[in-house]
$ cat coords23.cif   # mmCIF, C-alpha atoms
data_work
#
loop_
_atom_site.group_PDB
_atom_site.id
_atom_site.type_symbol
_atom_site.label_atom_id
_atom_site.label_comp_id
_atom_site.auth_asym_id
_atom_site.auth_seq_id
_atom_site.Cartn_x
_atom_site.Cartn_y
_atom_site.Cartn_z
ATOM 1 C CA MET X 1 -2.679 7.083 28.302
ATOM 2 C CA SER X 2 -4.974 8.053 25.448
ATOM 3 C CA VAL X 3 -8.741 7.858 25.804
ATOM 4 C CA ASN X 4 -8.687 5.926 22.516
ATOM 5 C CA ALA X 5 -7.311 2.420 23.023
ATOM 6 C CA TYR X 6 -7.732 1.547 19.357
ATOM 7 C CA LEU X 7 -4.920 3.711 17.985
ATOM 8 C CA SER X 8 -1.680 2.399 16.538
ATOM 9 C CA GLN X 9 1.485 3.867 18.087
ATOM 10 C CA GLU X 10 1.991 5.953 14.950
ATOM 11 C CA GLU X 11 -1.574 7.323 15.035
ATOM 12 C CA ARG X 12 -1.287 8.057 18.754
ATOM 13 C CA THR X 13 1.973 9.944 18.246
ATOM 14 C CA VAL X 14 0.459 12.122 15.532
ATOM 15 C CA LEU X 15 -2.820 12.860 17.314
ATOM 16 C CA GLU X 16 -1.101 13.707 20.602
ATOM 17 C CA ARG X 17 1.320 16.064 18.834
ATOM 18 C CA VAL X 18 -1.034 18.069 16.599
ATOM 19 C CA ARG X 19 -3.110 21.113 17.522
ATOM 20 C CA VAL X 20 -6.609 21.467 16.075
ATOM 21 C CA GLY X 21 -8.553 24.736 15.980
ATOM 22 C CA VAL X 22 -12.321 24.705 16.377
ATOM 23 C CA ALA X 23 -13.875 27.987 15.268
ATOM 24 C CA GLY X 24 -17.274 28.102 16.913
ATOM 25 C CA ALA X 25 -18.557 26.025 19.817
ATOM 26 C CA GLY X 26 -22.181 25.565 18.818
ATOM 27 C CA GLY X 27 -23.815 22.541 17.231
ATOM 28 C CA LEU X 28 -20.947 21.820 14.887
ATOM 29 C CA GLY X 29 -18.014 22.876 17.039
ATOM 30 C CA SER X 30 -19.026 21.374 20.376
ATOM 31 C CA ASN X 31 -19.838 17.990 18.847
ATOM 32 C CA CYS X 32 -16.839 18.024 16.520
ATOM 33 C CA ALA X 33 -14.511 18.798 19.446
ATOM 34 C CA MET X 34 -16.038 15.892 21.379
ATOM 35 C CA HIS X 35 -15.308 13.535 18.478
ATOM 36 C CA LEU X 36 -11.762 14.859 18.110
ATOM 37 C CA VAL X 37 -11.028 14.283 21.795
ATOM 38 C CA ARG X 38 -12.516 10.784 21.747
ATOM 39 C CA ALA X 39 -10.353 10.097 18.671
ATOM 40 C CA GLY X 40 -7.232 11.014 20.598
ATOM 41 C CA VAL X 41 -6.503 14.676 19.797
ATOM 42 C CA ARG X 42 -4.977 16.284 22.895
ATOM 43 C CA LYS X 43 -4.404 19.937 21.898
ATOM 44 C CA LEU X 44 -7.264 22.169 20.799
ATOM 45 C CA VAL X 45 -7.956 25.860 20.333
ATOM 46 C CA LEU X 46 -11.633 26.534 21.074
ATOM 47 C CA ALA X 47 -13.164 29.842 19.987
ATOM 48 C CA ASP X 48 -16.665 31.218 20.546
ATOM 49 C CA PHE X 49 -18.035 34.475 21.967
ATOM 50 C CA ASP X 50 -21.437 33.134 22.995
ATOM 51 C CA VAL X 51 -23.018 31.655 26.123
ATOM 52 C CA VAL X 52 -25.023 28.445 26.494
ATOM 53 C CA THR X 53 -28.796 28.919 26.233
ATOM 54 C CA GLU X 54 -31.722 26.541 26.629
ATOM 55 C CA ALA X 55 -32.286 26.631 22.861
ATOM 56 C CA ASN X 56 -28.807 25.137 22.339
ATOM 57 C CA LEU X 57 -29.634 21.929 24.190
ATOM 58 C CA ASN X 58 -31.443 20.396 21.193
ATOM 59 C CA ARG X 59 -28.119 19.727 19.472
ATOM 60 C CA GLN X 60 -25.077 21.107 21.253
ATOM 61 C CA PHE X 61 -22.738 19.211 23.589
ATOM 62 C CA PHE X 62 -23.853 21.059 26.714
ATOM 63 C CA PHE X 63 -26.074 20.306 29.677
ATOM 64 C CA ARG X 64 -28.947 22.098 31.386
ATOM 65 C CA ASP X 65 -26.835 23.114 34.398
ATOM 66 C CA GLN X 66 -24.426 24.935 32.029
ATOM 67 C CA ILE X 67 -27.013 27.445 30.773
ATOM 68 C CA GLY X 68 -25.540 30.926 31.100
ATOM 69 C CA GLU X 69 -21.912 29.773 31.026
ATOM 70 C CA LYS X 70 -19.481 30.816 28.310
ATOM 71 C CA LYS X 71 -19.571 28.106 25.661
ATOM 72 C CA VAL X 72 -15.827 27.650 25.416
ATOM 73 C CA SER X 73 -15.362 27.187 29.168
ATOM 74 C CA ALA X 74 -18.392 24.876 29.399
ATOM 75 C CA LEU X 75 -17.085 22.875 26.450
ATOM 76 C CA ALA X 76 -13.620 22.699 28.006
ATOM 77 C CA ASP X 77 -15.187 21.289 31.205
ATOM 78 C CA ASN X 78 -17.117 18.656 29.235
ATOM 79 C CA LEU X 79 -14.118 17.646 27.135
ATOM 80 C CA ARG X 80 -11.966 17.292 30.265
ATOM 81 C CA ARG X 81 -14.546 14.875 31.678
ATOM 82 C CA ILE X 82 -13.597 12.652 28.705
ATOM 83 C CA GLU X 83 -9.839 13.338 28.826
ATOM 84 C CA PRO X 84 -8.489 15.308 31.817
ATOM 85 C CA GLY X 85 -5.062 15.765 30.243
ATOM 86 C CA LEU X 86 -6.154 18.006 27.383
ATOM 87 C CA GLU X 87 -4.189 21.125 26.453
ATOM 88 C CA LEU X 88 -6.880 23.684 25.604
ATOM 89 C CA ASP X 89 -6.539 27.299 24.478
ATOM 90 C CA LEU X 90 -9.808 29.174 24.960
ATOM 91 C CA CYS X 91 -10.756 32.275 22.922
ATOM 92 C CA GLU X 92 -13.901 33.941 24.248
ATOM 93 C CA GLY X 93 -14.013 36.942 21.942
ATOM 94 C CA ARG X 94 -15.667 37.425 18.568
ATOM 95 C CA LEU X 95 -13.118 36.680 15.854
ATOM 96 C CA ASP X 96 -12.501 38.769 12.758
ATOM 97 C CA ALA X 97 -10.053 37.802 9.999
ATOM 98 C CA GLU X 98 -7.002 38.992 11.938
ATOM 99 C CA GLY X 99 -8.321 37.341 15.094
ATOM 100 C CA CYS X 100 -8.715 34.044 13.244
ATOM 101 C CA ARG X 101 -5.156 34.210 11.923
ATOM 102 C CA LYS X 102 -3.843 34.981 15.407
ATOM 103 C CA ALA X 103 -5.949 32.451 17.333
ATOM 104 C CA PHE X 104 -5.277 29.534 14.987
ATOM 105 C CA ARG X 105 -1.740 30.347 13.820
ATOM 106 C CA ASP X 106 -0.219 27.288 15.491
ATOM 107 C CA CYS X 107 -2.916 24.833 14.408
ATOM 108 C CA ASP X 108 -2.325 21.938 12.029
ATOM 109 C CA VAL X 109 -5.988 21.902 10.994
ATOM 110 C CA VAL X 110 -8.820 24.337 11.695
ATOM 111 C CA VAL X 111 -12.443 23.194 11.820
ATOM 112 C CA GLU X 112 -14.835 25.926 10.740
ATOM 113 C CA ALA X 113 -17.950 25.605 12.871
ATOM 114 C CA PHE X 114 -19.460 29.089 12.673
ATOM 115 C CA ASP X 115 -23.139 29.783 12.340
ATOM 116 C CA SER X 116 -23.388 32.683 9.908
ATOM 117 C CA ALA X 117 -22.518 32.373 6.231
ATOM 118 C CA GLU X 118 -20.588 35.649 6.424
ATOM 119 C CA ALA X 119 -18.384 34.376 9.248
ATOM 120 C CA LYS X 120 -17.736 31.123 7.386
ATOM 121 C CA GLY X 121 -16.650 33.016 4.269
ATOM 122 C CA MET X 122 -14.468 35.326 6.366
ATOM 123 C CA LEU X 123 -12.637 32.383 7.936
ATOM 124 C CA TYR X 124 -12.139 30.582 4.616
ATOM 125 C CA ALA X 125 -10.518 33.702 3.169
ATOM 126 C CA ALA X 126 -8.481 34.514 6.284
ATOM 127 C CA LEU X 127 -7.057 30.985 6.598
ATOM 128 C CA SER X 128 -6.740 30.147 2.897
ATOM 129 C CA ASP X 129 -3.122 29.060 3.390
ATOM 130 C CA MET X 130 -4.028 26.619 6.193
ATOM 131 C CA LYS X 131 -5.774 23.259 6.229
ATOM 132 C CA VAL X 132 -9.434 24.036 6.901
ATOM 133 C CA VAL X 133 -12.422 21.727 7.264
ATOM 134 C CA GLY X 134 -15.703 23.605 6.894
ATOM 135 C CA ALA X 135 -19.414 22.849 6.849
ATOM 136 C CA SER X 136 -22.145 24.218 4.613
ATOM 137 C CA GLY X 137 -25.701 22.954 4.406
ATOM 138 C CA LEU X 138 -27.045 21.006 7.376
ATOM 139 C CA GLY X 139 -30.458 22.479 8.222
ATOM 140 C CA GLY X 140 -33.640 20.488 8.757
ATOM 141 C CA TRP X 141 -34.299 16.767 8.815
ATOM 142 C CA GLY X 142 -33.768 13.789 6.516
ATOM 143 C CA ARG X 143 -31.758 13.696 3.284
ATOM 144 C CA SER X 144 -28.824 12.068 5.057
ATOM 145 C CA ASP X 145 -27.222 10.992 1.788
ATOM 146 C CA ALA X 146 -27.152 14.597 0.559
ATOM 147 C CA ILE X 147 -24.453 15.451 3.103
ATOM 148 C CA ARG X 148 -21.109 14.696 1.509
ATOM 149 C CA VAL X 149 -17.415 15.460 1.891
ATOM 150 C CA ARG X 150 -15.595 17.373 -0.847
ATOM 151 C CA ARG X 151 -11.951 18.315 -1.103
ATOM 152 C CA VAL X 152 -11.721 21.876 -2.427
ATOM 153 C CA GLY X 153 -8.336 23.022 -3.643
ATOM 154 C CA ALA X 154 -5.205 21.841 -1.877
ATOM 155 C CA ASN X 155 -6.059 22.858 1.682
ATOM 156 C CA MET X 156 -9.809 22.808 2.155
ATOM 157 C CA VAL X 157 -12.407 20.149 2.836
ATOM 158 C CA LEU X 158 -16.100 21.012 2.909
ATOM 159 C CA VAL X 159 -18.889 18.949 4.451
ATOM 160 C CA GLY X 160 -22.602 19.462 3.807
ATOM 161 C CA ASP X 161 -25.305 19.437 1.175
ATOM 162 C CA PHE X 162 -24.479 22.998 0.034
ATOM 163 C CA GLU X 163 -28.217 23.793 -0.144
ATOM 164 C CA SER X 164 -29.868 23.669 3.250
ATOM 165 C CA ASP X 165 -29.461 26.992 5.001
ATOM 166 C CA VAL X 166 -30.620 27.056 8.566
ATOM 167 C CA THR X 167 -33.752 29.205 8.366
ATOM 168 C CA GLU X 168 -37.096 29.623 10.097
ATOM 169 C CA GLY X 169 -38.322 26.684 8.029
ATOM 170 C CA ALA X 170 -35.239 24.484 8.426
ATOM 171 C CA HIS X 171 -33.997 24.664 11.982
ATOM 172 C CA PRO X 172 -30.693 23.155 13.142
ATOM 173 C CA GLN X 173 -31.545 19.714 14.528
ATOM 174 C CA SER X 174 -29.323 17.293 16.375
ATOM 175 C CA PRO X 175 -29.199 14.407 13.859
ATOM 176 C CA ARG X 176 -28.186 16.425 10.807
ATOM 177 C CA VAL X 177 -25.933 18.873 12.681
ATOM 178 C CA GLY X 178 -24.372 15.940 14.503
ATOM 179 C CA MET X 179 -23.719 14.106 11.247
ATOM 180 C CA ALA X 180 -21.966 17.133 9.786
ATOM 181 C CA ALA X 181 -19.947 17.621 12.986
ATOM 182 C CA ALA X 182 -18.843 13.984 12.994
ATOM 183 C CA MET X 183 -17.946 14.186 9.310
ATOM 184 C CA GLU X 184 -15.873 17.319 9.963
ATOM 185 C CA ALA X 185 -14.020 15.503 12.742
ATOM 186 C CA ASN X 186 -13.509 12.461 10.534
ATOM 187 C CA ALA X 187 -12.145 14.616 7.711
ATOM 188 C CA ALA X 188 -9.823 16.478 10.090
ATOM 189 C CA ILE X 189 -8.457 13.193 11.449
ATOM 190 C CA ALA X 190 -7.969 11.886 7.895
ATOM 191 C CA LEU X 191 -6.018 15.022 6.962
ATOM 192 C CA LEU X 192 -3.859 14.715 10.072
ATOM 193 C CA LEU X 193 -3.125 11.050 9.509
ATOM 194 C CA GLY X 194 -2.680 11.380 5.745
ATOM 195 C CA LEU X 195 -5.619 9.097 5.008
ATOM 196 C CA GLU X 196 -8.249 9.102 2.297
ATOM 197 C CA LEU X 197 -11.054 11.487 3.224
ATOM 198 C CA MET A 1 -16.668 28.259 -31.849
ATOM 199 C CA VAL A 2 -18.180 31.777 -31.914
ATOM 200 C CA ALA A 3 -21.470 33.388 -30.953
ATOM 201 C CA ALA A 4 -22.833 36.780 -31.941
ATOM 202 C CA GLU A 5 -23.608 39.335 -29.265
ATOM 203 C CA ASN A 6 -24.487 42.948 -30.101
ATOM 204 C CA GLY A 7 -23.055 42.468 -33.560
ATOM 205 C CA LYS A 8 -19.682 41.261 -32.205
ATOM 206 C CA LEU A 9 -18.284 37.799 -32.508
ATOM 207 C CA LEU A 10 -17.290 36.213 -29.193
ATOM 208 C CA ALA A 11 -15.023 33.260 -28.681
ATOM 209 C CA MET A 12 -16.922 30.544 -26.854
ATOM 210 C CA LEU A 13 -15.039 28.564 -24.252
ATOM 211 C CA LYS A 14 -15.938 25.156 -22.940
ATOM 212 C CA VAL A 15 -15.422 24.606 -19.204
ATOM 213 C CA MET A 16 -16.292 21.785 -16.835
ATOM 214 C CA TYR A 17 -18.689 23.382 -14.342
ATOM 215 C CA GLN A 18 -20.040 21.333 -11.423
ATOM 216 C CA GLY A 19 -19.041 18.207 -13.304
ATOM 217 C CA SER A 20 -20.722 19.083 -16.605
ATOM 218 C CA ALA A 21 -19.323 20.608 -19.784
ATOM 219 C CA VAL A 22 -20.800 24.035 -20.495
ATOM 220 C CA GLU A 23 -20.081 26.660 -23.138
ATOM 221 C CA THR A 24 -19.635 30.269 -22.170
ATOM 222 C CA GLY A 25 -18.822 33.632 -23.681
ATOM 223 C CA ALA A 26 -17.275 34.776 -20.386
ATOM 224 C CA SER A 27 -13.581 35.566 -20.424
ATOM 225 C CA THR A 28 -12.984 35.685 -16.656
ATOM 226 C CA VAL A 29 -14.147 33.641 -13.694
ATOM 227 C CA ALA A 30 -16.075 36.656 -12.370
ATOM 228 C CA GLN A 31 -17.946 37.025 -15.672
ATOM 229 C CA PHE A 32 -18.736 33.326 -15.712
ATOM 230 C CA LEU A 33 -20.123 33.431 -12.174
ATOM 231 C CA LYS A 34 -22.272 36.440 -13.074
ATOM 232 C CA GLU A 35 -23.536 34.611 -16.156
ATOM 233 C CA ARG A 36 -24.552 31.689 -13.923
ATOM 234 C CA GLY A 37 -26.119 33.861 -11.227
ATOM 235 C CA VAL A 38 -23.584 32.799 -8.616
ATOM 236 C CA GLU A 39 -23.044 35.180 -5.689
ATOM 237 C CA PRO A 40 -19.262 35.098 -5.080
ATOM 238 C CA GLY A 41 -19.582 36.425 -1.534
ATOM 239 C CA ARG A 42 -21.678 33.394 -0.558
ATOM 240 C CA SER A 43 -19.561 30.816 -2.379
ATOM 241 C CA VAL A 44 -16.260 29.017 -2.325
ATOM 242 C CA VAL A 45 -14.915 29.067 -5.881
ATOM 243 C CA GLU A 46 -12.474 26.387 -6.975
ATOM 244 C CA TYR A 47 -10.836 27.005 -10.334
ATOM 245 C CA ARG A 48 -8.246 24.681 -11.855
ATOM 246 C CA GLY A 49 -7.672 23.069 -8.471
ATOM 247 C CA ASP A 50 -7.173 26.313 -6.532
ATOM 248 C CA VAL A 51 -9.568 28.159 -4.231
ATOM 249 C CA LEU A 52 -9.948 31.725 -5.455
ATOM 250 C CA VAL A 53 -9.907 34.140 -2.534
ATOM 251 C CA GLY A 54 -10.920 37.787 -2.918
ATOM 252 C CA GLU A 55 -12.369 39.829 -5.785
ATOM 253 C CA ALA A 56 -9.034 40.250 -7.561
ATOM 254 C CA ALA A 57 -8.603 36.486 -7.844
ATOM 255 C CA LEU A 58 -11.982 36.207 -9.538
ATOM 256 C CA GLU A 59 -10.636 38.291 -12.424
ATOM 257 C CA THR A 60 -8.523 35.269 -13.389
ATOM 258 C CA PRO A 61 -8.945 34.619 -17.140
ATOM 259 C CA LEU A 62 -11.097 31.657 -18.057
ATOM 260 C CA VAL A 63 -9.149 29.007 -19.957
ATOM 261 C CA ASP A 64 -10.747 26.646 -22.464
ATOM 262 C CA GLY A 65 -11.108 23.143 -21.062
ATOM 263 C CA SER A 66 -10.581 24.157 -17.440
ATOM 264 C CA GLU A 67 -12.613 22.969 -14.448
ATOM 265 C CA LEU A 68 -14.581 25.266 -12.180
ATOM 266 C CA ASN A 69 -16.602 24.281 -9.130
ATOM 267 C CA VAL A 70 -18.722 26.418 -6.852
ATOM 268 C CA PHE A 71 -19.703 25.463 -3.310
ATOM 269 C CA ARG A 72 -22.483 27.526 -1.816
ATOM 270 C CA ILE A 73 -21.862 28.753 1.736
ATOM 271 C CA CYS A 74 -25.005 28.035 3.745
ATOM 272 C CA ALA A 75 -25.798 29.473 7.162
ATOM 273 C CA GLY A 76 -25.944 27.094 10.092
ATOM 274 C CA GLY A 77 -23.735 25.561 12.681
#
$ encode --input "coords23.cif" --output "structure tokens"
Amino acid sequence: MSVNAYLSQEERTVLERVRVGVAGAGGLGSNCAMHLVRAGVRKLVLADFDVVTEANLNRQFFFRDQIGEKKVSALADNLRRIEPGLELDLCEGRLDAEGCRKAFRDCDVVVEAFDSAEAKGMLYAALSDMKVVGASGLGGWGRSDAIRVRRVGANMVLVGDFESDVTEGAHPQSPRVGMAAAMEANAAIALLLGLEL
Amino acid sequence: MVAAENGKLLAMLKVMYQGSAVETGASTVAQFLKERGVEPGRSVVEYRGDVLVGEAALETPLVDGSELNVFRICAGG
């Protein structure tokens, strides 16, 4: 039984069959994975090398008692509280281009949810022949309408305002990061179901 | 259309860049990006409906009337 009672049989069949990669389990990845699971996705590959810190709690889908835990295992625990029957592959190492290709080789869609611009660019190049949903530009507050969804080429969708780097003056905050994460999940679902973005 | 540069005549191309028509003397995508001050390593470059991956792909010749879009890669996740 899916956690999402509002799916058609056709949608349920697709979402239970596909495998979605989530590259990064921070503000984007943890929240995006939560949305994907609530939508009905059952198979995920979760990748992140980091551990949960107190500073993450302003926006990431973790809890105070998980500080110090590996993000991917903490995220897996939280996702299984929503849907115990998930099939999760956990990658706890730092991924390079070859690692990305190996970790996500069986995925139907990969959500890019890395923090650094260099890592984002690396993943886009490494997985250029796969369907990838990425995010770029989500720092600070306000300017909700500036965050948009763009199809780029045949395989890529990008979400963001393409301007707002996360910097000392524009920190990652829950509302804007959460919006981008939800929009990534929504775009991934649309790709999987063959819907308009 | 032509423009003079260092005494030489250059063919000017018109491309749709970020949704607007612009004229350029560049003959490759890489030259065009340099002309516009775009850092390829921090950008996703879409040219004629394809994402260009790697430096070699950026040497693709610019074609008159083609569409080119650049998406800046921002830090943050």
$ resolve_selection --input "coords23.cif" --expression "the PyMOL selection byres ((chain X) within 6 of (chain A))" --output "list in words"
Gly27, Leu28, Ala113, Phe114, Asp115, Ser116, Ala117, Ala125, Ser136, Gly137, Gly153, Phe162, Asp165 and Val166 of chain X
$ resolve_selection --input "coords23.cif" --expression "the PyMOL selection byres ((chain A and resi 25) around 7)" --output "short mmCIF file (atom, residue, chain, number, x, y, z; two decimals) with C-alpha atoms, in the coordinates of the input"
data_model
loop_
_atom_site.label_atom_id
_atom_site.label_comp_id
_atom_site.auth_asym_id
_atom_site.auth_seq_id
_atom_site.Cartn_x
_atom_site.Cartn_y
_atom_site.Cartn_z
CA LEU A 10 -17.29 36.21 -29.19
CA ALA A 11 -15.02 33.26 -28.68
CA MET A 12 -16.92 30.54 -26.85
CA LEU A 13 -15.04 28.56 -24.25
CA THR A 24 -19.64 30.27 -22.17
CA ALA A 26 -17.27 34.78 -20.39
CA SER A 27 -13.58 35.57 -20.42
#
$ atom_distance --input "coords23.cif" --atom1 "atom CA of Glu16 of chain X" --atom2 "atom CA of Met34 of chain X"
15.1 Å
$ atom_distance --input "coords23.cif" --atom1 "atom CA of Gly26 of chain X" --atom2 "atom CA of Asp161 of chain X"
18.9 Å
$ resolve_selection --input "coords23.cif" --expression "the PyMOL selection byres ((chain X and resi 144-147) around 9)" --output "MDAnalysis selection string"
chainID X and resid 137:138 141:143 148:149 159:162 176 179:180
$ atom_distance --input "coords23.cif" --atom1 "atom CA of Asn56 of chain X" --atom2 "atom CA of Ala97 of chain X"
25.8 Å
$ residues_around --input "coords23.cif" --residues "Gly134 of chain X" --least-positions-apart "4" --cutoff "8 Å" --atoms "all atoms listed in the file" --output "MDAnalysis selection string"
chainID X and resid 111:113 120 156:159 184
$ closest_residue --input "coords23.cif" --among "X:Leu7, X:Met1, X:Ala76, X:Val37" --to "Ala25 of chain X" --atoms "only C-alpha atoms"
X:Ala76
